[in-house]
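Participant: Take this structure, written in structure tokens, and hold onto it; I'll ask about it next.
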Amino acid sequence: MLNGTRLLLRLCFGNLLVKRVGLWLGIDRAVFFTLLARVWSVSAGLLTIVFVTRFLSPELQGYYYTFYSLIALQIVVELGLNFAIIQFASHEMAKLSWTLEGTVSGSPEAKRRLQSLMHFAVSWYGVAALLMVAVLLPVGVHFFATASPEGASVPNVSAPWLLLVVFTAANLIVNASVAVLEGCGKMAQVAILRLWQSVFSFTAVWIVLSLGGHLYALAASSLMMALVGLTLLWVKHRFFFKDLFCHRTPLPGMNWRREIWPFQWRIAVSWMSGYLIFQLFNPLLFATHGPVVAGQMGMSLQIITAMNSVAMAWITTKAPIYGQLIATKQSNALDTLFFRGLAQSFSFLVIGVISVLLIIFYLTSIESPYAIRVVPPYLFVILGLVCLANHIVYAEAAYLRAHKQEPFMVLSVLNGVATGMLALLLIP
């Protein structure tokens, strides 16, 4: 009896200690699963780098990462709607609550507005998917046909590019549904969904690369993202979506032109400027310096982006909560939550950047073949410093956008134009 009591006390105090440590680190259930998904993505991304260097030549590596940069042009058809969905849904959820049946109930006006938001999101992304196929498919085929170095052995890119564009377009509709869920407070469930998507997509990449599929690996990854996302949405949340789609009420919904668009277009302009800031390098390097150099920059940027993505988990998982606190005018609680998350995420990122830099310097010192697959160490130091600065800006943007505002739009445009012009001038 005494031994059992001691064991129970140890378990209780152990759980209490874990909860206290988690509270101090800012790790709740949503952050935990988001971190788990992103830590897996970073670890799997590092393993993917090994697969890329093992099964792709330096030239094919350039095509591989240039595919990434060109497919990012999907922001032209997305126009920032995903982020707008999360913010507007979170404000409506301040007047709604989840039921045991997996649906939402509460204010009839808020539920009707949430329903109209979902209808609009699915319609928008359905049209966007068709536009993406119609525009990106010929753009990519033309780019690789004209930008490939003369006299070089050019791989067949048309078929893998076609599949990648089609499967990525299908993912747009999945992402819209996931954004509605996230805005409705299901951050932990969304993090679990994204974790499973990541597991299956990376596994598909490894299998296709190891079987000699080369550039088809990216298409396989996008296909698994769509299939896993659709499957989990149907299995776990079909009652939520069915209830919203079938909800009948004469109440007015959201007015897209008056409410959503004034916020959305600013997000869209900022994100399109972000393409010039972060994604223009690879296609330019590919066209002017060849696929090998483009592959080095692509792999370096992937590492930097992965680290920042993990660190942003402390911020992005709180975005719906920010919206609810703003809707209920709890400004002090909002500021406390934000600044605590920023300190925790920035500390994590500093440790991550230093660790990666030490690994790169070590690989360079022993003349490892992996070292030449990324940019030289001094350039990677610059990328690391930029990553730290960008993290603060990303966090501030998430905080301000929760107010349905986009104050960084002018800055983003100026930054994008300046970066694009300097890239066009200096990269060649």
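To be explicit about the labels: the chains of the structure tokens are called A, B, and onward in the order shown, and within each one the residues are counted from 1, while ligands get numbers from 1 in the order they are shown.
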Enumerate, in order of chain and increasing residue number, the residues of stretch 22-99 of chain A with an atom no farther than 10 Å from stretch 204-213 of chain A, each with its shortest atom pair and distance in Å to one decimal, counting only C-alpha atoms, as a tab-separated table.
Facilitator:
```
residue	atom	partner	partner_atom	distance
A:Ala44	CA	A:Trp206	CA	9.5
A:Leu47	CA	A:Trp206	CA	8.7
A:Thr48	CA	A:Trp206	CA	6.8
A:Val50	CA	A:Trp206	CA	9.8
A:Phe51	CA	A:Trp206	CA	6.7
A:Val52	CA	A:Leu209	CA	7.4
A:Arg54	CA	A:Ser210	CA	8.7
A:Phe55	CA	A:Leu209	CA	6.2
A:Leu56	CA	A:Leu209	CA	7.9
```
Participant: Produce a file of the selected residues containing N, CA, C and O atoms, as a PDB file, in the first residue's frame.
Facilitator:
```
ATOM      1  N   ALA A  44      13.267  15.171 -41.259  1.00  0.00           N
ATOM      2  CA  ALA A  44      13.034  14.513 -42.546  1.00  0.00           C
ATOM      3  C   ALA A  44      13.640  15.320 -43.685  1.00  0.00           C
ATOM      4  O   ALA A  44      14.139  14.749 -44.667  1.00  0.00           O
ATOM      5  N   LEU A  47      17.252  14.518 -43.812  1.00  0.00           N
ATOM      6  CA  LEU A  47      17.427  13.201 -44.430  1.00  0.00           C
ATOM      7  C   LEU A  47      17.175  13.289 -45.932  1.00  0.00           C
ATOM      8  O   LEU A  47      17.854  12.615 -46.728  1.00  0.00           O
ATOM      9  N   THR A  48      16.215  14.125 -46.325  1.00  0.00           N
ATOM     10  CA  THR A  48      15.948  14.320 -47.759  1.00  0.00           C
ATOM     11  C   THR A  48      17.163  14.912 -48.460  1.00  0.00           C
ATOM     12  O   THR A  48      17.468  14.561 -49.616  1.00  0.00           O
ATOM     13  N   VAL A  50      20.175  14.301 -47.721  1.00  0.00           N
ATOM     14  CA  VAL A  50      21.060  13.149 -47.950  1.00  0.00           C
ATOM     15  C   VAL A  50      20.607  12.369 -49.179  1.00  0.00           C
ATOM     16  O   VAL A  50      21.427  11.978 -50.026  1.00  0.00           O
ATOM     17  N   PHE A  51      19.307  12.138 -49.303  1.00  0.00           N
ATOM     18  CA  PHE A  51      18.773  11.422 -50.469  1.00  0.00           C
ATOM     19  C   PHE A  51      19.038  12.207 -51.758  1.00  0.00           C
ATOM     20  O   PHE A  51      19.385  11.623 -52.787  1.00  0.00           O
ATOM     21  N   VAL A  52      18.846  13.544 -51.676  1.00  0.00           N
ATOM     22  CA  VAL A  52      19.071  14.369 -52.867  1.00  0.00           C
ATOM     23  C   VAL A  52      20.526  14.282 -53.306  1.00  0.00           C
ATOM     24  O   VAL A  52      20.826  14.109 -54.500  1.00  0.00           O
ATOM     25  N   ARG A  54      22.558  11.926 -52.659  1.00  0.00           N
ATOM     26  CA  ARG A  54      22.901  10.540 -53.009  1.00  0.00           C
ATOM     27  C   ARG A  54      22.336  10.128 -54.361  1.00  0.00           C
ATOM     28  O   ARG A  54      23.002   9.458 -55.146  1.00  0.00           O
ATOM     29  N   PHE A  55      21.119  10.538 -54.670  1.00  0.00           N
ATOM     30  CA  PHE A  55      20.439  10.028 -55.858  1.00  0.00           C
ATOM     31  C   PHE A  55      20.271  11.062 -56.975  1.00  0.00           C
ATOM     32  O   PHE A  55      19.800  10.706 -58.056  1.00  0.00           O
ATOM     33  N   LEU A  56      20.604  12.327 -56.711  1.00  0.00           N
ATOM     34  CA  LEU A  56      20.524  13.347 -57.754  1.00  0.00           C
ATOM     35  C   LEU A  56      21.911  13.922 -58.002  1.00  0.00           C
ATOM     36  O   LEU A  56      22.669  14.177 -57.063  1.00  0.00           O
TER      37      LEU A  56
END
```
Participant: From the list A:Gln330, A:Asn390, A:Ser365, A:Thr249, which residue is nearest A:Ser116 when using only C-alpha atoms?
Facilitator: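 Using only C-alpha atoms, A:Ser116 sits closest to A:Thr249.
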Participant: Separation of atom CA of A:Ala287 and atom CA of A:Val141, in Å?
Facilitator: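 Value for the atom CA of A:Ala287-atom CA of A:Val141 distance: 13.7 Å.
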Participant: Need to verify the contact set: stretch 277-283 of chain A, 9 Å, only C-alpha atoms, exclusion of same-chain residues closer than 6 positions in sequence. Can you return it as a list in words?
Facilitator: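 The filter keeps Gly62, Tyr65, Thr66, Phe67, Tyr68, Ser69, Leu70, Ala72, Leu73, Phe143, Ala147, Pro291, Val293, Ala294, Gly295, Met297, Gly298, Leu301, Ser412, Asn415, Gly416, Val417, Ala418, Thr419, Gly420, Ala423 and Ile427 of chain A.
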Participant: I'd like the contact shell of stretch 74-88 of chain A - 7 Å cut-off, only C-alpha atoms, skipping same-chain residues fewer than 5 positions apart - returned as a list of chain:residue names.
Facilitator: A:Ala128, A:Met132, A:Ala176, A:Ala179, A:Val180, A:Glu182, A:Gly183, A:Gln264, A:Trp265, A:Ile267, A:Ala268, A:Trp271, A:Met272, A:Pro320, A:Gly323, A:Ala402, A:Lys404
Participant: Quick one: residues within 8 Å of A:Pro377, only C-alpha atoms, excluding same-chain residues fewer than 6 positions away - as a list in words?
Facilitator: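 Here the answer would be Leu357, Ile360, Phe361 and Thr364 of chain A.
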Participant: Keeping only C-alpha atoms, write the selected residues as a PDB file, in the first residue's frame.
Facilitator:
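Output (selection02.pdb):
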```pdb
ATOM      1  CA  LEU A 357      26.552  26.889 -38.839  1.00  0.00           C
ATOM      2  CA  ILE A 360      28.582  23.436 -42.038  1.00  0.00           C
ATOM      3  CA  PHE A 361      31.971  24.731 -40.863  1.00  0.00           C
ATOM      4  CA  THR A 364      33.830  22.257 -44.905  1.00  0.00           C
TER       5      THR A 364
END
```
Participant: How far is it from atom CA of A:Arg373 to atom CA of A:Gln296, in Å with one decimal?
Facilitator: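 We find that atom CA of A:Arg373 and atom CA of A:Gln296 lie 5.1 Å from each other.
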